[in-house]
Every structure is written in structure tokens, then in C-alpha cells.
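*Asks:* Okay, handing you the structure first.
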Amino acid sequence: MQWNVGARYSYFQTKQVNYQGLEPRTSLTYRTDNASIQLSATRMIQYNHALVKSGGLTDKITWVPSTPGILPQTSWQYAVGWSQSRPGQTFKYSIGAYFKQMQNLSMYRYYYGDPYLYYRWEANTLSGGKGRAYGLELTAEKSFRRWSGGVNYTLSRNQRRYDELNESKWFNDLYDRRHILNLNGVYKMSKTLQLSFLWVYYSGQRYDLPAGRIAANPLVPEYIAYDKKNNGKYPDYHRLDVGLTKKYFLTKGRYWEINLNVYNLYSRRNTYRLYPAVEVITDEQHRPLERRNVISIAYKFR
């Protein structure tokens with residue numbers, strides 16, 4: 001059995017305020033001849049905040065420092081893991097679980113239609129949020145003759161809560177992905193030639209699903225209305241990559257290596273961005289008959 005204990009002390013200073021804190025961490029590991037169990041707990045402090053402006057064709061991230069009104073983010077993460085393997089064994093596997101509590105999270109209070117958001121980031125930042133993330137991870141590796149491969153699966157959830165947002169209810173984080181699956185394999189065709197592949201799959205990230213479009217009037221321009229946070233989900237993402245590696249051995253243990261890789265072999269059109277748009281229905285003479293609110297999809301072969 002092995003017990004490790006440590007700590008880190010951090011200090012952050014700006015012209016407005018000074019912050020500091022202790023970040024302890026500990027882990028306990030118990031090993032047998034072919035298995036091990038590990039428990040760990042870690043406290044972390046982050047003095048910079050990533051403010052994400054989504055809703056357009058790309059997510060725009062702005063890093064800002066802590067201020068008197070925006071406290072440093074803190075978290076406690078707890079994890080437990082179990083793995084089993086034996087020297088010379090061709091099959092290895094492990095399972096792990098974690099739970100993370102977060103405090104003083106920050107995000108934009110409201111960013112739709114504000115072209116000067118980056119110049120007024122402090123006034124438009126909502127602080128004091130809470131977060132929780134937890135999940136389960138499974139990993140297995142197997143070797144058989146010329147073949148070797150592995151599988152990794154993660155089931156997780158990532159949520160946030162702010163007193164002034166979403167009726168003070170928990171909502172999914174922007175980058176919450178429920179399922180992530182990776183499959184990889186290598187086939188050694190000869191001592192100098194091998195074929196490899198990687199297939200990845202994960203649930204689509206979250207986005208704000210519009211509740212409707214408010215028509216323009218003499219007082220305000222037309223705008224999109226939202227009532228809940230991150231209540232929409234992108235289509236799931238997946239792709240297959242393959243590679244061929246050839247080695248040319250030289251003298252004294254040196255060699256040349258040539259790699260040929262094909263990215264997204266079956267040309268999967270993964271969703272790059274969803275955004276609100278207006279579809280105009282026309283007649284045979286191309287005269288407008290109807291305007292419909294739709295969600296447009298931008299694709300990308302990636």
C-alpha cells in the first residue's frame with residue numbers, strides 16, 4: 001500500500017486585488033500481484049476565467065482575470081480506480097469513476113446581439129456559479145498474434161447552476177458530452193509495415209435552442225428569444241482514421257519512417273455549427289409567400 005500527500009500554494013495579483021490559496025492533494029494505492037486500486041482527492045484553484053460566446057459559426061473564448069467582483073474558481077475532485085493486468089498478459093482492463101464539485105464559476109450574463117461584449121466583459125459577466133461533473137470510464141486492451149487494439153468508453157455528465165439564470169435550476173454545460181467512445185487497432189503486416197486505425201464517437205455538444213423570433217417594431221429591432229440554457233444538442237460526432245507506416249532500417253539502429261494517413265475515411269459530414277435562420281418560401285415566379293424560422297446546419301468534413 002502506498003499513500004501520497006502533497007500540497008501547492010498559489011498566489012495571484014492584479015492592480016485591483018490579490019488572491020491566494022492552498023491546493024492539497026492526496027492519493028492512496030493498494031496493489032496485488034495482478035491488480036491495483038487507487039483513491040484520490042484534489043483541490044484546485046483557477047484565477048483566470050474562460051468566457052465563451054457561442055451562437056455564431058464558431059465559439060469565441062476570451063480569457064479574463066479574477067477581479068474584486070469575480071472570485072477565483074475552485075474545485076474538489078474525487079476519483080476511484082481499479083485496474084487489472086499481469087506481466088506477460090495479453091488482456092488488460094481498468095475502470096474508474098470521478099466526481100468534481102466546482103464553485104465561483106463565471107459566464108457571460110447575456111451575449112446575443114451585443115457587438116461590444118468584449119469591451120464590457122466585466123459588467124456582462126455572471127459570477128458565483130456552481131458546477132458538478134461526474135462520470136465512469138472503462139478501458140480494455142488486447143493483443144492477439146499480429147493484432148493489438150483497445151477500447152475506451154466514458155459516460156459522463158457536466159452541469160452548471162447560477163442563482164440569476166435558468167430559474168436557478170441546474171443545466172447542462174456547453175461542452176457536456178454524455179458518451180465518448182474510442183476504438184483503436186494495429187495490424188503488423190511485417191517487421192517493417194503496419195496498418196492502424198482509430199474510430200472515435202461522442203455525443204454532440206450543447207447549445208441554446210431558440211424559443212422564437214420577435215418581430216421588429218418601432219421600439220426594438222428583430223431578435224431571437226431564448227428561454228433555457230443549453231437545452232439543444234448537436235448531432236453525434238464520429239469518424240474513422242486509418243494509417244499505414246513503413247520503416248526502412250539503416251545502420252546502428254537508425255531507420256527512416258514513412259506514414260500515410262487518411263483522415264475521416266468514410267467522409268462523415270459532422271455538424272460544425274447550428275444557428276437560427278429564416279427560410280423564405282417562394283412561388284413559381286420566385287415571389288415570397290412565407291417566412292419560416294429554421295435551424296441551419298453548417299457541415300464540415302472533420
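Chains: A, B, ... in order of the C-alpha cells. Residues: from 1 per chain. Ligands: from 1, in order shown.
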Report as a tab-separated table: every residue of stretch 229-260 of chain A with an atom at most 12 Å from stretch 163-169 of chain A, its closest pair of atoms, and their distance in Å to one decimal, counting only C-alpha atoms, with rows sorted by chain and ascending residue number.
*Replies:*
residue	atom	partner	partner_atom	distance
A:Lys229	CA	A:Asn166	CA	6.4
A:Asn230	CA	A:Asn166	CA	9.9
A:Asn231	CA	A:Asn166	CA	10.5
*Asks:* Determine which residues of stretch 168-276 of chain A receive a DSSP assignment of strand (DSSP E or B), computed from the backbone, and state them as a PyMOL selection string.
*Replies:* chain A and resi 171-172+179-188+193-202+206-207+212-214+223-225+232-233+237-249+255-262+270-276
*Asks:* Ranking A:Asn4, A:Leu28, A:Arg157, A:Leu51 by minimum distance to A:Val80 and counting only C-alpha atoms, which one comes first?
*Replies:* A:Leu28
*Asks:* Do a neighbour search on A:Gly96 at 10 Å with only C-alpha atoms, toss out local chain neighbours closer than 3 positions, and write the hits as a ChimeraX atom specification.
*Replies:* /A:37-39,79-83,135-139,154
*Asks:* Tell me, which residues of stretch 42-283 of chain A carry DSSP helix (DSSP H, G or I), written as JSON, numbers by chain?
*Replies:* {"A": [117, 118, 119, 120, 166, 167, 168]}
*Asks:* Using Å and a single decimal, report how far atom CA of A:Ala140 sits from atom CA of A:Gly243.
*Replies:*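 For atom CA of A:Gly243 relative to atom CA of A:Ala140, the distance reads 21.6 Å.
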*Asks:* Counting only C-alpha atoms, which of A:Met102, A:Ala123, A:Ala216, A:Val242 gets nearest to A:Thr42?
*Replies:*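 Of the candidates, the smallest distance to A:Thr42 is held by A:Met102.
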*Asks:* Quick one: residues within 10 Å of A:Ala225, only C-alpha atoms, excluding same-chain residues fewer than 3 positions away - as a list in words?
*Replies:*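 Skipping anything fewer than 3 positions along the chain leaves Tyr112, Leu209, Pro210, Ala211, Gly212, Arg213, Ile214, Glu222 and Lys228 of chain A.
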*Asks:* Kindly save the residues from that selection, with N, CA, C and O atoms included, as a PDB file, in the first residue's frame.
*Replies:*
ATOM      1  N   TYR A 112     -26.214  37.683 -26.714  1.00  0.00           N
ATOM      2  CA  TYR A 112     -26.810  37.705 -28.047  1.00  0.00           C
ATOM      3  C   TYR A 112     -27.019  39.141 -28.523  1.00  0.00           C
ATOM      4  O   TYR A 112     -27.630  39.954 -27.844  1.00  0.00           O
ATOM      5  N   LEU A 209     -31.205  26.391 -27.650  1.00  0.00           N
ATOM      6  CA  LEU A 209     -32.238  26.234 -28.669  1.00  0.00           C
ATOM      7  C   LEU A 209     -33.171  27.438 -28.627  1.00  0.00           C
ATOM      8  O   LEU A 209     -33.762  27.728 -27.585  1.00  0.00           O
ATOM      9  N   PRO A 210     -33.310  28.181 -29.720  1.00  0.00           N
ATOM     10  CA  PRO A 210     -34.170  29.374 -29.703  1.00  0.00           C
ATOM     11  C   PRO A 210     -35.625  29.020 -29.404  1.00  0.00           C
ATOM     12  O   PRO A 210     -36.137  27.992 -29.855  1.00  0.00           O
ATOM     13  N   ALA A 211     -36.286  29.886 -28.646  1.00  0.00           N
ATOM     14  CA  ALA A 211     -37.706  29.705 -28.357  1.00  0.00           C
ATOM     15  C   ALA A 211     -38.579  30.381 -29.403  1.00  0.00           C
ATOM     16  O   ALA A 211     -39.748  30.032 -29.569  1.00  0.00           O
ATOM     17  N   GLY A 212     -38.041  31.358 -30.121  1.00  0.00           N
ATOM     18  CA  GLY A 212     -38.805  32.043 -31.149  1.00  0.00           C
ATOM     19  C   GLY A 212     -38.081  33.279 -31.628  1.00  0.00           C
ATOM     20  O   GLY A 212     -37.013  33.639 -31.135  1.00  0.00           O
ATOM     21  N   ARG A 213     -38.674  33.933 -32.605  1.00  0.00           N
ATOM     22  CA  ARG A 213     -38.123  35.161 -33.165  1.00  0.00           C
ATOM     23  C   ARG A 213     -39.121  36.296 -32.937  1.00  0.00           C
ATOM     24  O   ARG A 213     -40.295  36.175 -33.303  1.00  0.00           O
ATOM     25  N   ILE A 214     -38.654  37.361 -32.328  1.00  0.00           N
ATOM     26  CA  ILE A 214     -39.506  38.520 -32.040  1.00  0.00           C
ATOM     27  C   ILE A 214     -39.423  39.490 -33.213  1.00  0.00           C
ATOM     28  O   ILE A 214     -38.333  39.936 -33.593  1.00  0.00           O
ATOM     29  N   GLU A 222     -35.645  43.391 -34.728  1.00  0.00           N
ATOM     30  CA  GLU A 222     -35.951  41.969 -34.659  1.00  0.00           C
ATOM     31  C   GLU A 222     -34.848  41.232 -33.899  1.00  0.00           C
ATOM     32  O   GLU A 222     -33.663  41.523 -34.058  1.00  0.00           O
ATOM     33  N   LYS A 228     -34.226  28.881 -22.187  1.00  0.00           N
ATOM     34  CA  LYS A 228     -33.481  27.929 -21.373  1.00  0.00           C
ATOM     35  C   LYS A 228     -32.036  27.854 -21.862  1.00  0.00           C
ATOM     36  O   LYS A 228     -31.741  28.180 -23.010  1.00  0.00           O
TER      37      LYS A 228
END
*Asks:* Kindly indicate which residue among A:Tyr223, A:Tyr134, A:Tyr93, A:Phe171 lies nearest to A:Ala277, using only C-alpha atoms for the distances.
*Replies:*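 Distance minimum relative to A:Ala277 lands on A:Tyr223.
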*Asks:* Quote the spacing between atom CA of A:Ala50 and atom CA of A:Gly129 in Å to one decimal place.
*Replies:*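 Rounded to one decimal, the two atoms are 13.3 Å apart.
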*Asks:* Return the single residue from A:Arg132, A:Lys300, A:Arg146, A:Arg109 that is closest to A:Tyr272, with distances computed using only C-alpha atoms.
*Replies:*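 Of A:Arg132, A:Lys300, A:Arg146, A:Arg109, the one nearest A:Tyr272, counting only C-alpha atoms, is A:Lys300.
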*Asks:* Check the smallest atom-to-atom distance from each of A:Asn259, A:Ser156, A:Gln16, A:Thr271 to A:Ala298 using only C-alpha atoms, then report the winner.
*Replies:*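 For A:Ala298, the nearest of the given residues is A:Thr271.
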*Asks:* Which neighbours of A:Val280 fall inside 10 Å, counting only C-alpha atoms, when residues of the same chain fewer than 5 positions from it are skipped, and could you give them as a list in words?
*Replies:* His286, Arg287, Pro288, Leu289, Glu290, Arg291, Arg292 and Asn293 of chain A
*Asks:* Name all residues at most 7 Å from A:Gln20 (count only C-alpha atoms; drop same-chain ones fewer than 4 positions away) and give them as number ranges by chain.
*Replies:* A: 10-12
*Asks:* Export all heavy atoms of the chosen residues as a PDB file, in the first residue's frame?
*Replies:*
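Below is the file again17.pdb, written as the result:
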ATOM      1  N   SER A  10      -0.669  28.765  -4.128  1.00  0.00           N
ATOM      2  CA  SER A  10      -0.684  29.662  -5.282  1.00  0.00           C
ATOM      3  C   SER A  10      -1.049  31.078  -4.848  1.00  0.00           C
ATOM      4  O   SER A  10      -1.772  31.284  -3.871  1.00  0.00           O
ATOM      5  CB  SER A  10      -1.683  29.167  -6.329  1.00  0.00           C
ATOM      6  OG  SER A  10      -2.988  29.074  -5.788  1.00  0.00           O
ATOM      7  N   TYR A  11      -0.525  32.032  -5.609  1.00  0.00           N
ATOM      8  CA  TYR A  11      -0.752  33.460  -5.317  1.00  0.00           C
ATOM      9  C   TYR A  11      -1.009  34.184  -6.625  1.00  0.00           C
ATOM     10  O   TYR A  11      -0.305  33.968  -7.623  1.00  0.00           O
ATOM     11  CB  TYR A  11       0.466  34.056  -4.601  1.00  0.00           C
ATOM     12  CG  TYR A  11       0.348  35.530  -4.294  1.00  0.00           C
ATOM     13  CD1 TYR A  11      -0.376  35.977  -3.200  1.00  0.00           C
ATOM     14  CD2 TYR A  11       0.983  36.476  -5.105  1.00  0.00           C
ATOM     15  CE1 TYR A  11      -0.479  37.329  -2.915  1.00  0.00           C
ATOM     16  CE2 TYR A  11       0.884  37.829  -4.827  1.00  0.00           C
ATOM     17  CZ  TYR A  11       0.145  38.245  -3.732  1.00  0.00           C
ATOM     18  OH  TYR A  11       0.047  39.591  -3.451  1.00  0.00           O
ATOM     19  N   PHE A  12      -2.031  35.048  -6.647  1.00  0.00           N
ATOM     20  CA  PHE A  12      -2.428  35.768  -7.857  1.00  0.00           C
ATOM     21  C   PHE A  12      -2.594  37.244  -7.510  1.00  0.00           C
ATOM     22  O   PHE A  12      -3.262  37.588  -6.535  1.00  0.00           O
ATOM     23  CB  PHE A  12      -3.736  35.191  -8.398  1.00  0.00           C
ATOM     24  CG  PHE A  12      -4.231  35.874  -9.639  1.00  0.00           C
ATOM     25  CD1 PHE A  12      -3.736  35.549 -10.891  1.00  0.00           C
ATOM     26  CD2 PHE A  12      -5.222  36.845  -9.553  1.00  0.00           C
ATOM     27  CE1 PHE A  12      -4.206  36.168 -12.037  1.00  0.00           C
ATOM     28  CE2 PHE A  12      -5.698  37.478 -10.691  1.00  0.00           C
ATOM     29  CZ  PHE A  12      -5.177  37.143 -11.935  1.00  0.00           C
TER      30      PHE A  12
END
*Asks:* Select, from A:Leu260, A:Leu155, A:Ile295, A:Ile224, the residue with the minimum atom-to-atom distance to A:Lys247, counting only C-alpha atoms.
*Replies:*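 Result for the nearest residue to A:Lys247: A:Leu260.
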*Asks:* Neighbours of A:Val64 within 10 Å (only C-alpha atoms; same-chain residues fewer than 6 positions away dropped), as a VMD selection string?
*Replies:* chain A and resid 47 to 51 70 121 to 122
*Asks:* Would you output that residue set with N, CA, C and O atoms, as a short mmCIF file (atom, residue, chain, number, x, y, z; two decimals), in the first residue's frame?
*Replies:*
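Below is the file selection22.cif, written as the result:
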data_model
loop_
_atom_site.label_atom_id
_atom_site.label_comp_id
_atom_site.auth_asym_id
_atom_site.auth_seq_id
_atom_site.Cartn_x
_atom_site.Cartn_y
_atom_site.Cartn_z
N TYR A 47 -7.41 31.11 -11.38
CA TYR A 47 -7.59 32.56 -11.26
C TYR A 47 -8.02 33.21 -12.57
O TYR A 47 -8.41 34.38 -12.56
N ASN A 48 -7.92 32.51 -13.68
CA ASN A 48 -8.39 33.02 -14.96
C ASN A 48 -9.68 32.33 -15.37
O ASN A 48 -9.90 31.15 -15.05
N HIS A 49 -10.52 33.06 -16.08
CA HIS A 49 -11.83 32.56 -16.44
C HIS A 49 -11.99 32.56 -17.96
O HIS A 49 -11.60 33.54 -18.63
N ALA A 50 -12.55 31.48 -18.51
CA ALA A 50 -12.81 31.38 -19.95
C ALA A 50 -14.27 31.75 -20.21
O ALA A 50 -15.18 31.00 -19.85
N LEU A 51 -14.49 32.91 -20.83
CA LEU A 51 -15.84 33.35 -21.18
C LEU A 51 -16.10 32.94 -22.63
O LEU A 51 -15.38 33.34 -23.53
N ILE A 70 -15.31 39.15 -9.38
CA ILE A 70 -15.25 37.83 -9.99
C ILE A 70 -14.20 37.02 -9.24
O ILE A 70 -13.00 37.18 -9.46
N TRP A 121 -16.78 43.22 -20.77
CA TRP A 121 -16.87 41.85 -20.28
C TRP A 121 -17.13 41.79 -18.77
O TRP A 121 -17.86 40.93 -18.29
N GLU A 122 -16.55 42.71 -18.00
CA GLU A 122 -16.71 42.62 -16.54
C GLU A 122 -18.15 42.91 -16.13
O GLU A 122 -18.72 42.24 -15.27
#
